[in-house]
$ cat target_39.cif   # mmCIF, C-alpha atoms
data_coords
#
loop_
_atom_site.label_atom_id
_atom_site.label_comp_id
_atom_site.auth_asym_id
_atom_site.auth_seq_id
_atom_site.Cartn_x
_atom_site.Cartn_y
_atom_site.Cartn_z
CA MET A 1 103.97 66.79 164.45
CA GLN A 2 102.31 63.46 163.84
CA ASN A 3 103.69 60.73 161.58
CA ASN A 4 101.59 60.64 158.40
CA GLU A 5 103.27 57.55 156.95
CA ASN A 6 100.94 55.14 158.81
CA LEU A 7 97.77 57.14 158.20
CA ILE A 8 97.31 55.88 154.64
CA VAL A 9 97.95 52.11 154.25
CA VAL A 10 97.07 49.86 151.28
CA ARG A 11 95.49 46.82 152.88
CA GLN A 12 95.23 44.51 149.84
CA LEU A 13 96.15 44.56 146.14
CA PRO A 14 94.66 42.25 143.49
CA VAL A 15 97.00 39.38 142.79
CA ILE A 16 97.05 39.38 139.00
CA GLU A 17 100.70 39.72 138.00
CA ASP A 18 101.41 35.95 137.89
CA GLN A 19 98.31 35.30 135.83
CA LEU A 20 99.29 37.99 133.31
CA ARG A 21 102.78 36.52 132.97
CA GLN A 22 101.28 33.09 132.25
CA ILE A 23 99.01 34.63 129.62
CA LYS A 24 102.02 36.34 128.06
CA GLN A 25 103.94 33.09 127.75
CA ASN A 26 100.96 31.28 126.27
CA VAL A 27 100.25 34.02 123.72
CA GLU A 28 103.90 34.30 122.66
CA LEU A 29 104.05 30.53 122.14
CA ARG A 30 100.93 30.44 119.98
CA VAL A 31 101.97 33.49 117.97
CA GLY A 32 105.36 31.91 117.36
CA GLU A 33 103.72 28.74 116.08
CA ALA A 34 101.47 30.74 113.75
CA LEU A 35 104.38 32.80 112.40
CA SER A 36 106.47 29.68 111.81
CA MET A 37 103.85 28.26 109.49
CA ALA A 38 104.53 28.69 105.79
CA CYS A 39 102.03 31.06 104.23
CA THR A 40 100.51 28.79 101.60
CA GLU A 41 97.01 28.19 100.38
CA GLU A 42 96.72 25.24 102.79
CA THR A 43 98.01 27.11 105.88
CA ARG A 44 96.41 30.48 105.14
CA GLN A 45 93.12 29.50 106.75
CA SER A 46 94.88 28.15 109.84
CA VAL A 47 96.81 31.39 110.28
CA LYS A 48 93.62 33.43 109.92
CA GLU A 49 91.89 31.26 112.53
CA ALA A 50 94.82 31.71 114.92
CA ARG A 51 94.66 35.49 114.44
CA THR A 52 90.91 35.51 115.05
CA VAL A 53 91.29 33.53 118.26
CA LEU A 54 94.05 35.81 119.54
CA ASN A 55 92.00 38.95 118.80
CA ARG A 56 88.97 37.47 120.57
CA GLU A 57 91.05 36.59 123.62
CA PHE A 58 92.56 40.08 123.65
CA GLY A 59 89.10 41.64 123.53
CA GLU A 60 88.01 39.52 126.48
CA LEU A 61 91.13 40.51 128.42
CA GLU A 62 90.50 44.21 127.69
CA ALA A 63 86.97 43.92 129.00
CA ARG A 64 88.25 42.15 132.10
CA ARG A 65 90.96 44.80 132.56
CA LYS A 66 88.35 47.54 132.60
CA GLU A 67 86.34 45.59 135.18
CA VAL A 68 89.42 45.15 137.34
CA LYS A 69 90.27 48.82 137.03
CA ALA A 70 86.77 49.82 138.08
CA ALA A 71 86.97 47.40 141.02
CA ILE A 72 90.35 48.79 142.03
CA MET A 73 89.33 52.43 141.57
CA ALA A 74 86.06 52.13 143.48
CA PRO A 75 87.68 51.95 146.93
CA TYR A 76 90.27 54.54 145.87
CA ASP A 77 87.56 56.97 144.77
CA ALA A 78 85.87 56.49 148.12
CA PHE A 79 89.20 57.02 149.87
CA GLU A 80 89.93 60.17 147.84
CA LYS A 81 86.55 61.64 148.78
CA VAL A 82 87.26 61.10 152.47
CA TYR A 83 90.83 62.38 152.03
CA LYS A 84 89.61 65.57 150.35
CA GLU A 85 87.02 66.19 153.06
CA CYS A 86 89.17 65.36 156.06
CA ALA A 87 92.61 66.50 154.94
CA ALA A 88 93.09 68.35 151.63
CA ASP A 89 90.29 70.89 152.06
CA ILE A 90 91.26 71.59 155.66
CA TYR A 91 94.93 72.12 154.82
CA ARG A 92 94.14 74.38 151.86
CA ASP A 93 91.66 76.42 153.88
CA ALA A 94 94.17 76.79 156.70
CA ASP A 95 96.87 77.89 154.25
CA ALA A 96 94.60 80.53 152.70
CA LYS A 97 93.60 81.91 156.10
CA LEU A 98 97.17 81.99 157.35
CA LYS A 99 98.34 83.71 154.16
CA ALA A 100 95.65 86.36 154.55
CA ARG A 101 96.72 86.91 158.16
CA ILE A 102 100.38 87.15 157.17
CA ASP A 103 99.56 89.63 154.38
CA GLU A 104 97.57 91.71 156.84
CA VAL A 105 100.42 91.80 159.32
CA GLU A 106 103.02 92.58 156.65
CA THR A 107 100.86 95.33 155.20
CA GLY A 108 100.54 96.86 158.65
CA LEU A 109 104.28 96.67 159.24
CA LYS A 110 105.04 98.32 155.90
CA ARG A 111 102.45 101.01 156.58
CA GLN A 112 104.03 101.79 159.95
CA LYS A 113 107.47 101.93 158.38
CA ALA A 114 106.19 104.17 155.57
CA GLU A 115 104.62 106.56 158.07
CA LYS A 116 107.90 106.91 159.95
CA VAL A 117 109.90 107.48 156.77
CA LYS A 118 107.33 109.97 155.48
CA ALA A 119 107.41 111.90 158.78
CA TYR A 120 111.19 112.12 158.52
CA PHE A 121 110.88 113.16 154.86
CA GLU A 122 108.47 116.00 155.65
CA GLU A 123 110.54 117.24 158.58
CA TYR A 124 113.77 117.30 156.59
CA ARG A 125 112.03 118.90 153.59
CA GLN A 126 110.81 121.76 155.76
CA SER A 127 114.30 122.24 157.19
CA LEU A 128 115.60 122.71 153.64
CA GLY A 129 112.86 125.20 152.81
CA ILE A 130 111.46 123.12 149.95
CA SER A 131 107.76 123.56 149.21
CA ALA A 132 105.56 120.49 149.63
CA GLU A 133 104.04 121.29 146.24
CA TYR A 134 107.44 120.89 144.64
CA VAL A 135 108.32 117.45 146.01
CA PRO A 136 105.56 115.37 147.63
CA PHE A 137 106.68 112.21 149.38
CA TYR A 138 105.67 109.88 146.54
CA ALA A 139 107.94 111.79 144.14
CA ALA A 140 110.97 110.33 145.94
CA GLY A 141 110.02 106.86 144.65
CA ILE A 142 111.22 105.12 147.81
CA ASN A 143 110.41 101.40 147.71
CA ILE A 144 109.34 100.45 151.23
CA THR A 145 109.71 96.72 151.85
CA LEU A 146 109.89 94.56 154.96
CA SER A 147 113.50 93.68 154.26
CA ALA A 148 114.60 97.33 153.98
CA SER A 149 115.66 98.87 157.26
CA GLU A 150 114.14 102.09 158.47
CA LYS A 151 117.59 103.69 158.52
CA SER A 152 118.30 102.86 154.88
CA LEU A 153 114.92 104.25 153.83
CA LYS A 154 115.52 107.51 155.69
CA THR A 155 118.97 107.73 154.10
CA ALA A 156 117.37 107.40 150.67
CA ALA A 157 114.85 110.14 151.55
CA LYS A 158 117.62 112.47 152.70
CA ALA A 159 119.70 111.87 149.57
CA PHE A 160 116.69 112.66 147.39
CA LEU A 161 115.90 115.92 149.18
CA ASP A 162 119.55 116.98 149.17
CA ARG A 163 119.67 116.52 145.41
CA VAL A 164 116.48 118.50 144.89
CA SER A 165 117.69 121.28 147.18
CA GLY A 166 120.95 121.58 145.28
CA GLU A 167 119.21 121.64 141.91
CA LEU A 168 116.77 124.32 143.10
CA ARG A 169 119.74 126.49 144.05
CA ILE A 170 121.20 126.00 140.58
CA ILE A 171 117.89 126.98 139.00
CA SER A 172 117.77 130.20 141.02
CA THR A 173 121.04 131.30 139.38
CA GLN A 174 119.79 130.77 135.82
CA GLU A 175 118.68 133.60 133.54
CA ARG A 176 115.26 132.09 132.92
CA SER A 177 114.81 130.58 136.37
CA ASP A 178 111.01 130.72 136.41
CA GLU A 179 110.63 128.83 133.15
CA ILE A 180 113.28 126.29 134.11
CA LEU A 181 111.57 125.73 137.47
CA VAL A 182 108.24 125.00 135.78
CA GLU A 183 109.90 122.45 133.51
CA TYR A 184 111.94 120.99 136.36
CA LEU A 185 108.89 120.31 138.51
CA ARG A 186 107.46 118.08 135.80
CA ASP A 187 109.88 115.24 136.52
CA LEU A 188 112.69 116.73 138.66
CA ASP A 189 115.14 116.34 135.77
CA LEU A 190 117.33 119.45 135.76
CA PRO A 191 119.35 118.83 132.55
CA ARG A 192 116.15 118.18 130.62
CA ALA A 193 114.48 121.29 132.04
CA ILE A 194 117.39 123.56 131.11
CA SER A 195 117.74 122.13 127.60
CA THR A 196 113.98 122.35 127.02
CA VAL A 197 113.84 126.04 127.94
CA ASP A 198 116.97 126.73 125.88
CA ARG A 199 115.53 125.04 122.80
CA ARG A 200 112.25 126.88 123.26
CA HIS A 201 113.91 130.30 123.33
CA LYS A 202 116.11 129.46 120.36
CA ALA A 203 113.01 128.46 118.43
CA MET A 204 111.25 131.68 119.47
CA ALA A 205 114.26 133.77 118.41
CA ALA A 206 114.41 132.00 115.07
CA GLU A 207 110.71 132.65 114.54
CA ARG A 208 111.13 136.34 115.37
CA GLU A 209 114.01 136.60 112.90
CA ARG A 210 111.97 134.87 110.24
CA ARG A 211 109.04 137.21 110.75
CA GLN A 212 111.33 140.25 110.77
CA ALA A 213 113.01 139.13 107.55
CA THR A 214 109.62 138.56 105.94
CA ALA A 215 108.46 142.03 107.02
CA GLU A 216 111.66 143.64 105.73
CA GLN A 217 111.29 141.90 102.38
CA ALA A 218 107.69 143.06 102.11
CA GLU A 219 108.73 146.63 103.01
CA ALA A 220 111.50 146.53 100.40
CA ARG A 221 109.03 145.42 97.75
CA ASP A 222 106.63 148.21 98.72
CA GLN A 223 109.40 150.83 98.55
CA ALA A 224 110.53 149.57 95.15
CA ALA A 225 106.97 149.72 93.84
CA LYS A 226 106.57 153.27 95.12
CA LYS A 227 109.80 154.36 93.43
CA VAL A 228 108.67 152.91 90.12
CA GLU A 229 105.33 154.66 90.43
CA ALA A 230 107.08 157.96 91.20
CA VAL A 231 109.37 157.69 88.18
CA VAL A 232 106.46 156.87 85.91
CA ALA A 233 104.51 159.85 87.23
CA GLU A 234 107.42 162.27 86.55
CA GLU A 235 108.01 161.25 82.88
CA PRO A 236 106.13 163.49 80.30
CA VAL A 237 103.52 161.83 78.18
CA MET A 238 104.74 161.73 74.56
CA ALA A 239 102.13 162.42 71.90
CA PRO A 240 101.90 159.77 69.23
CA PRO A 241 103.61 160.76 65.95
CA ALA A 242 101.34 162.20 63.28
CA ALA A 243 100.51 159.88 60.47
CA VAL A 244 102.43 160.73 57.28
CA MET A 245 100.29 160.43 54.22
CA PRO A 246 102.18 159.08 51.22
CA PRO A 247 102.20 161.25 48.09
CA GLU A 248 99.56 160.58 45.53
CA GLU A 249 102.09 159.31 43.04
CA GLU A 250 103.58 156.91 45.55
CA LYS A 251 100.11 155.63 46.36
CA GLU A 252 99.47 154.92 42.71
CA HIS A 253 102.89 153.35 42.34
CA ASN A 254 102.25 150.92 45.20
CA GLN A 255 98.71 150.11 44.08
CA ILE A 256 98.28 146.61 42.63
CA PHE A 257 96.59 146.11 39.24
CA SER A 258 95.61 143.07 37.22
CA THR A 259 95.81 142.53 33.45
CA ALA A 260 95.31 139.65 31.07
CA PHE A 261 97.24 138.90 27.91
CA LYS A 262 98.18 136.01 25.66
CA VAL A 263 101.81 135.14 24.98
CA THR A 264 103.03 133.22 21.96
CA GLY A 265 106.53 131.81 21.67
CA THR A 266 108.71 128.74 21.79
CA ILE A 267 108.74 126.43 24.75
CA ASP A 268 112.04 127.86 25.93
CA GLN A 269 110.68 131.40 25.67
CA LEU A 270 107.58 130.49 27.62
CA ARG A 271 109.74 128.86 30.32
CA ALA A 272 111.92 131.97 30.48
CA LEU A 273 108.82 134.17 30.83
CA LYS A 274 107.50 132.01 33.63
CA GLN A 275 110.82 132.22 35.43
CA PHE A 276 110.82 136.01 35.01
CA LEU A 277 107.37 136.30 36.54
CA THR A 278 108.35 134.07 39.42
CA ASP A 279 111.59 135.93 40.13
CA GLY A 280 109.82 139.29 39.88
CA GLY A 281 107.23 138.37 42.46
CA PHE A 282 104.31 138.56 40.05
CA GLU A 283 101.16 136.64 40.76
CA TYR A 284 99.85 134.84 37.69
CA GLU A 285 97.64 132.01 36.66
CA GLN A 286 97.33 130.01 33.47
CA LEU A 287 94.17 130.54 31.43
#

$ encode --input "target_39.cif" --output "structure tokens"
Amino acid sequence: MQNNENLIVVRQLPVIEDQLRQIKQNVELRVGEALSMACTEETRQSVKEARTVLNREFGELEARRKEVKAAIMAPYDAFEKVYKECAADIYRDADAKLKARIDEVETGLKRQKAEKVKAYFEEYRQSLGISAEYVPFYAAGINITLSASEKSLKTAAKAFLDRVSGELRIISTQERSDEILVEYLRDLDLPRAISTVDRRHKAMAAERERRQATAEQAEARDQAAKKVEAVVAEEPVMAPPAAVMPPEEEKEHNQIFSTAFKVTGTIDQLRALKQFLTDGGFEYEQL
């Protein structure tokens, strides 16, 4: 490995620090003199002139600073261009190519390891009598990395298949084994599969009971309606009672007549007559 410390050397720097320090001292002295002057009508113009001179000098220094910066940066820009072409680009390109090569090698190593673990998985699955449709290799969710040993990965595969084998035996002993198996193969979660099938059958039983109760209620209503119709059909039809004609005298007695007459009497008598007519239910009107 070569020593890079001597590859990049600054040959010369502009000597400007001493000059700037002299300028600083001069400016501070003149500013101090201007600030020490009493601000009166006579000194106001002098202070303004001092400020104008200082601002003009500062503007000239700023312009010079930019020129110096450009002069300093020109060789650096040229250096940076050469540095990028001869060093930076080459290092970056080498890093990218090496990374791609490393990724390719690591991918190949992981693929080889995965093939060995998968071969072991399939062999052990067959020995347990588990169908490949039930548990394909990817269902085990084994994370194959370079740091994981082949032995640890095979151990994980065996543990997974042992669990599945045990749960399949449990399913075979259940009353609704076919339904539970279908649910189980969705995500290999036995408790969820059993509870799902159980809830489904409870819901189906409740629905059957509801329908049966509805049918029984409808049948009861039909039977009640038939009984009512039967009772009505058995009762004899009663003829309406014959109209009783009132006697001729009663008809004349109840017939209403009108008459007109003139009454003469005292005010008390007339009031008594009016009260009599009202109490007797007579209809009358004053002429």

$ closest_residue --input "target_39.cif" --among "A:Ile90, A:Val47, A:Val105, A:Val197" --to "A:Gln174" --atoms "only C-alpha atoms"
A:Val197

$ resolve_selection --input "target_39.cif" --expression "the PyMOL selection byres ((chain A and resi 126-132) around 9)" --output "PyMOL selection string"
chain A and resi 121-125+133-137+161-162+164-165+168

$ write_last_selection --input "target_39.cif" --atoms "C-alpha atoms" --output "PDB file, keeping the file's coordinate frame"
ATOM      1  CA  PHE A 121     110.880 113.160 154.860  1.00  0.00           C
ATOM      2  CA  GLU A 122     108.470 116.000 155.650  1.00  0.00           C
ATOM      3  CA  GLU A 123     110.540 117.240 158.580  1.00  0.00           C
ATOM      4  CA  TYR A 124     113.770 117.300 156.590  1.00  0.00           C
ATOM      5  CA  ARG A 125     112.030 118.900 153.590  1.00  0.00           C
ATOM      6  CA  GLU A 133     104.040 121.290 146.240  1.00  0.00           C
ATOM      7  CA  TYR A 134     107.440 120.890 144.640  1.00  0.00           C
ATOM      8  CA  VAL A 135     108.320 117.450 146.010  1.00  0.00           C
ATOM      9  CA  PRO A 136     105.560 115.370 147.630  1.00  0.00           C
ATOM     10  CA  PHE A 137     106.680 112.210 149.380  1.00  0.00           C
ATOM     11  CA  LEU A 161     115.900 115.920 149.180  1.00  0.00           C
ATOM     12  CA  ASP A 162     119.550 116.980 149.170  1.00  0.00           C
ATOM     13  CA  VAL A 164     116.480 118.500 144.890  1.00  0.00           C
ATOM     14  CA  SER A 165     117.690 121.280 147.180  1.00  0.00           C
ATOM     15  CA  LEU A 168     116.770 124.320 143.100  1.00  0.00           C
TER      16      LEU A 168
END

$ atom_distance --input "target_39.cif" --atom1 "atom CA of A:Met37" --atom2 "atom CA of A:Gly59"
24.4 Å

$ residues_around --input "target_39.cif" --residues "A:Ala156" --least-positions-apart "3" --cutoff "12 Å" --atoms "all atoms listed in the file" --output "ChimeraX atom specification"
/A:117-118,120-121,137,140-144,148-153,159-163

$ closest_residue --input "target_39.cif" --among "A:Ile194, A:Glu60, A:Arg65, A:Glu85" --to "A:Thr173" --atoms "all atoms listed in the file"
A:Ile194

$ atom_distance --input "target_39.cif" --atom1 "atom CA of A:Ser172" --atom2 "atom CA of A:Leu185"
13.5 Å

$ atom_distance --input "target_39.cif" --atom1 "atom CA of A:His201" --atom2 "atom CA of A:Ala213"
18.1 Å

$ closest_residue --input "target_39.cif" --among "A:Ala139, A:Ala193, A:Leu188, A:Ala272" --to "A:Arg176" --atoms "all atoms listed in the file"
A:Ala193

$ axis_aligned_box --input "target_39.cif" --around "stretch 61-67 of chain A" --padding-each-side "5 Å" --output "lines of an AutoDock Vina configuration file"
center_x = 88.7
center_y = 44.0
center_z = 131.4
size_x = 14.8
size_y = 17.0
size_z = 17.5

$ closest_residue --input "target_39.cif" --among "A:Ala218, A:Val31, A:Leu181, A:Leu190" --to "A:Asn55" --atoms "all atoms listed in the file"
A:Val31

$ closest_residue --input "target_39.cif" --among "A:Ile171, A:Leu146, A:Ala203, A:Ala38" --to "A:Gly108" --atoms "only C-alpha atoms"
A:Leu146

$ build_atoms --input "target_39.cif" --residues "stretch 88-120 of chain A" --atoms "N, CA and C atoms" --output "PDB file, in the frame of the given file"
ATOM      1  N   ALA A  88      92.688  67.374 152.648  1.00  0.00           N
ATOM      2  CA  ALA A  88      93.090  68.350 151.630  1.00  0.00           C
ATOM      3  C   ALA A  88      92.377  69.683 151.809  1.00  0.00           C
ATOM      4  N   ASP A  89      91.046  69.644 151.935  1.00  0.00           N
ATOM      5  CA  ASP A  89      90.290  70.890 152.060  1.00  0.00           C
ATOM      6  C   ASP A  89      90.681  71.655 153.320  1.00  0.00           C
ATOM      7  N   ILE A  90      90.919  70.933 154.393  1.00  0.00           N
ATOM      8  CA  ILE A  90      91.260  71.590 155.660  1.00  0.00           C
ATOM      9  C   ILE A  90      92.628  72.260 155.559  1.00  0.00           C
ATOM     10  N   TYR A  91      93.596  71.541 154.968  1.00  0.00           N
ATOM     11  CA  TYR A  91      94.930  72.120 154.820  1.00  0.00           C
ATOM     12  C   TYR A  91      94.905  73.353 153.915  1.00  0.00           C
ATOM     13  N   ARG A  92      94.195  73.243 152.792  1.00  0.00           N
ATOM     14  CA  ARG A  92      94.140  74.380 151.860  1.00  0.00           C
ATOM     15  C   ARG A  92      93.451  75.581 152.507  1.00  0.00           C
ATOM     16  N   ASP A  93      92.367  75.327 153.220  1.00  0.00           N
ATOM     17  CA  ASP A  93      91.660  76.420 153.880  1.00  0.00           C
ATOM     18  C   ASP A  93      92.543  77.078 154.942  1.00  0.00           C
ATOM     19  N   ALA A  94      93.271  76.247 155.675  1.00  0.00           N
ATOM     20  CA  ALA A  94      94.170  76.790 156.700  1.00  0.00           C
ATOM     21  C   ALA A  94      95.271  77.629 156.062  1.00  0.00           C
ATOM     22  N   ASP A  95      95.803  77.141 154.936  1.00  0.00           N
ATOM     23  CA  ASP A  95      96.870  77.890 154.250  1.00  0.00           C
ATOM     24  C   ASP A  95      96.361  79.244 153.768  1.00  0.00           C
ATOM     25  N   ALA A  96      95.149  79.268 153.200  1.00  0.00           N
ATOM     26  CA  ALA A  96      94.600  80.530 152.700  1.00  0.00           C
ATOM     27  C   ALA A  96      94.374  81.517 153.843  1.00  0.00           C
ATOM     28  N   LYS A  97      93.852  81.030 154.963  1.00  0.00           N
ATOM     29  CA  LYS A  97      93.600  81.910 156.100  1.00  0.00           C
ATOM     30  C   LYS A  97      94.896  82.437 156.704  1.00  0.00           C
ATOM     31  N   LEU A  98      95.877  81.555 156.803  1.00  0.00           N
ATOM     32  CA  LEU A  98      97.170  81.990 157.350  1.00  0.00           C
ATOM     33  C   LEU A  98      97.850  82.993 156.429  1.00  0.00           C
ATOM     34  N   LYS A  99      97.743  82.759 155.116  1.00  0.00           N
ATOM     35  CA  LYS A  99      98.340  83.710 154.160  1.00  0.00           C
ATOM     36  C   LYS A  99      97.683  85.081 154.286  1.00  0.00           C
ATOM     37  N   ALA A 100      96.351  85.089 154.402  1.00  0.00           N
ATOM     38  CA  ALA A 100      95.650  86.360 154.550  1.00  0.00           C
ATOM     39  C   ALA A 100      96.090  87.080 155.821  1.00  0.00           C
ATOM     40  N   ARG A 101      96.271  86.309 156.894  1.00  0.00           N
ATOM     41  CA  ARG A 101      96.720  86.910 158.160  1.00  0.00           C
ATOM     42  C   ARG A 101      98.130  87.457 158.028  1.00  0.00           C
ATOM     43  N   ILE A 102      99.001  86.693 157.362  1.00  0.00           N
ATOM     44  CA  ILE A 102     100.380  87.150 157.170  1.00  0.00           C
ATOM     45  C   ILE A 102     100.409  88.422 156.321  1.00  0.00           C
ATOM     46  N   ASP A 103      99.621  88.429 155.232  1.00  0.00           N
ATOM     47  CA  ASP A 103      99.560  89.630 154.380  1.00  0.00           C
ATOM     48  C   ASP A 103      99.077  90.834 155.172  1.00  0.00           C
ATOM     49  N   GLU A 104      98.097  90.607 156.034  1.00  0.00           N
ATOM     50  CA  GLU A 104      97.570  91.710 156.840  1.00  0.00           C
ATOM     51  C   GLU A 104      98.630  92.264 157.773  1.00  0.00           C
ATOM     52  N   VAL A 105      99.370  91.362 158.397  1.00  0.00           N
ATOM     53  CA  VAL A 105     100.420  91.800 159.320  1.00  0.00           C
ATOM     54  C   VAL A 105     101.532  92.526 158.561  1.00  0.00           C
ATOM     55  N   GLU A 106     101.949  91.954 157.427  1.00  0.00           N
ATOM     56  CA  GLU A 106     103.020  92.580 156.650  1.00  0.00           C
ATOM     57  C   GLU A 106     102.606  93.940 156.116  1.00  0.00           C
ATOM     58  N   THR A 107     101.352  94.042 155.676  1.00  0.00           N
ATOM     59  CA  THR A 107     100.860  95.330 155.200  1.00  0.00           C
ATOM     60  C   THR A 107     100.889  96.367 156.321  1.00  0.00           C
ATOM     61  N   GLY A 108     100.498  95.939 157.511  1.00  0.00           N
ATOM     62  CA  GLY A 108     100.540  96.860 158.650  1.00  0.00           C
ATOM     63  C   GLY A 108     101.951  97.286 158.992  1.00  0.00           C
ATOM     64  N   LEU A 109     102.886  96.335 158.942  1.00  0.00           N
ATOM     65  CA  LEU A 109     104.280  96.670 159.240  1.00  0.00           C
ATOM     66  C   LEU A 109     104.848  97.648 158.215  1.00  0.00           C
ATOM     67  N   LYS A 110     104.541  97.399 156.939  1.00  0.00           N
ATOM     68  CA  LYS A 110     105.040  98.320 155.900  1.00  0.00           C
ATOM     69  C   LYS A 110     104.391  99.689 156.030  1.00  0.00           C
ATOM     70  N   ARG A 111     103.118  99.726 156.404  1.00  0.00           N
ATOM     71  CA  ARG A 111     102.450 101.010 156.580  1.00  0.00           C
ATOM     72  C   ARG A 111     103.085 101.798 157.726  1.00  0.00           C
ATOM     73  N   GLN A 112     103.377 101.109 158.825  1.00  0.00           N
ATOM     74  CA  GLN A 112     104.030 101.790 159.950  1.00  0.00           C
ATOM     75  C   GLN A 112     105.401 102.321 159.551  1.00  0.00           C
ATOM     76  N   LYS A 113     106.143 101.500 158.815  1.00  0.00           N
ATOM     77  CA  LYS A 113     107.470 101.930 158.380  1.00  0.00           C
ATOM     78  C   LYS A 113     107.361 103.115 157.426  1.00  0.00           C
ATOM     79  N   ALA A 114     106.376 103.074 156.525  1.00  0.00           N
ATOM     80  CA  ALA A 114     106.190 104.170 155.570  1.00  0.00           C
ATOM     81  C   ALA A 114     105.828 105.462 156.288  1.00  0.00           C
ATOM     82  N   GLU A 115     105.004 105.365 157.324  1.00  0.00           N
ATOM     83  CA  GLU A 115     104.620 106.560 158.070  1.00  0.00           C
ATOM     84  C   GLU A 115     105.824 107.200 158.751  1.00  0.00           C
ATOM     85  N   LYS A 116     106.704 106.377 159.294  1.00  0.00           N
ATOM     86  CA  LYS A 116     107.900 106.910 159.950  1.00  0.00           C
ATOM     87  C   LYS A 116     108.832 107.576 158.933  1.00  0.00           C
ATOM     88  N   VAL A 117     109.013 106.915 157.795  1.00  0.00           N
ATOM     89  CA  VAL A 117     109.900 107.480 156.770  1.00  0.00           C
ATOM     90  C   VAL A 117     109.296 108.762 156.207  1.00  0.00           C
ATOM     91  N   LYS A 118     107.985 108.777 156.009  1.00  0.00           N
ATOM     92  CA  LYS A 118     107.330 109.970 155.480  1.00  0.00           C
ATOM     93  C   LYS A 118     107.442 111.133 156.467  1.00  0.00           C
ATOM     94  N   ALA A 119     107.278 110.840 157.772  1.00  0.00           N
ATOM     95  CA  ALA A 119     107.410 111.900 158.780  1.00  0.00           C
ATOM     96  C   ALA A 119     108.815 112.494 158.750  1.00  0.00           C
ATOM     97  N   TYR A 120     109.810 111.627 158.624  1.00  0.00           N
ATOM     98  CA  TYR A 120     111.190 112.120 158.520  1.00  0.00           C
ATOM     99  C   TYR A 120     111.367 112.940 157.253  1.00  0.00           C
TER     100      TYR A 120
END
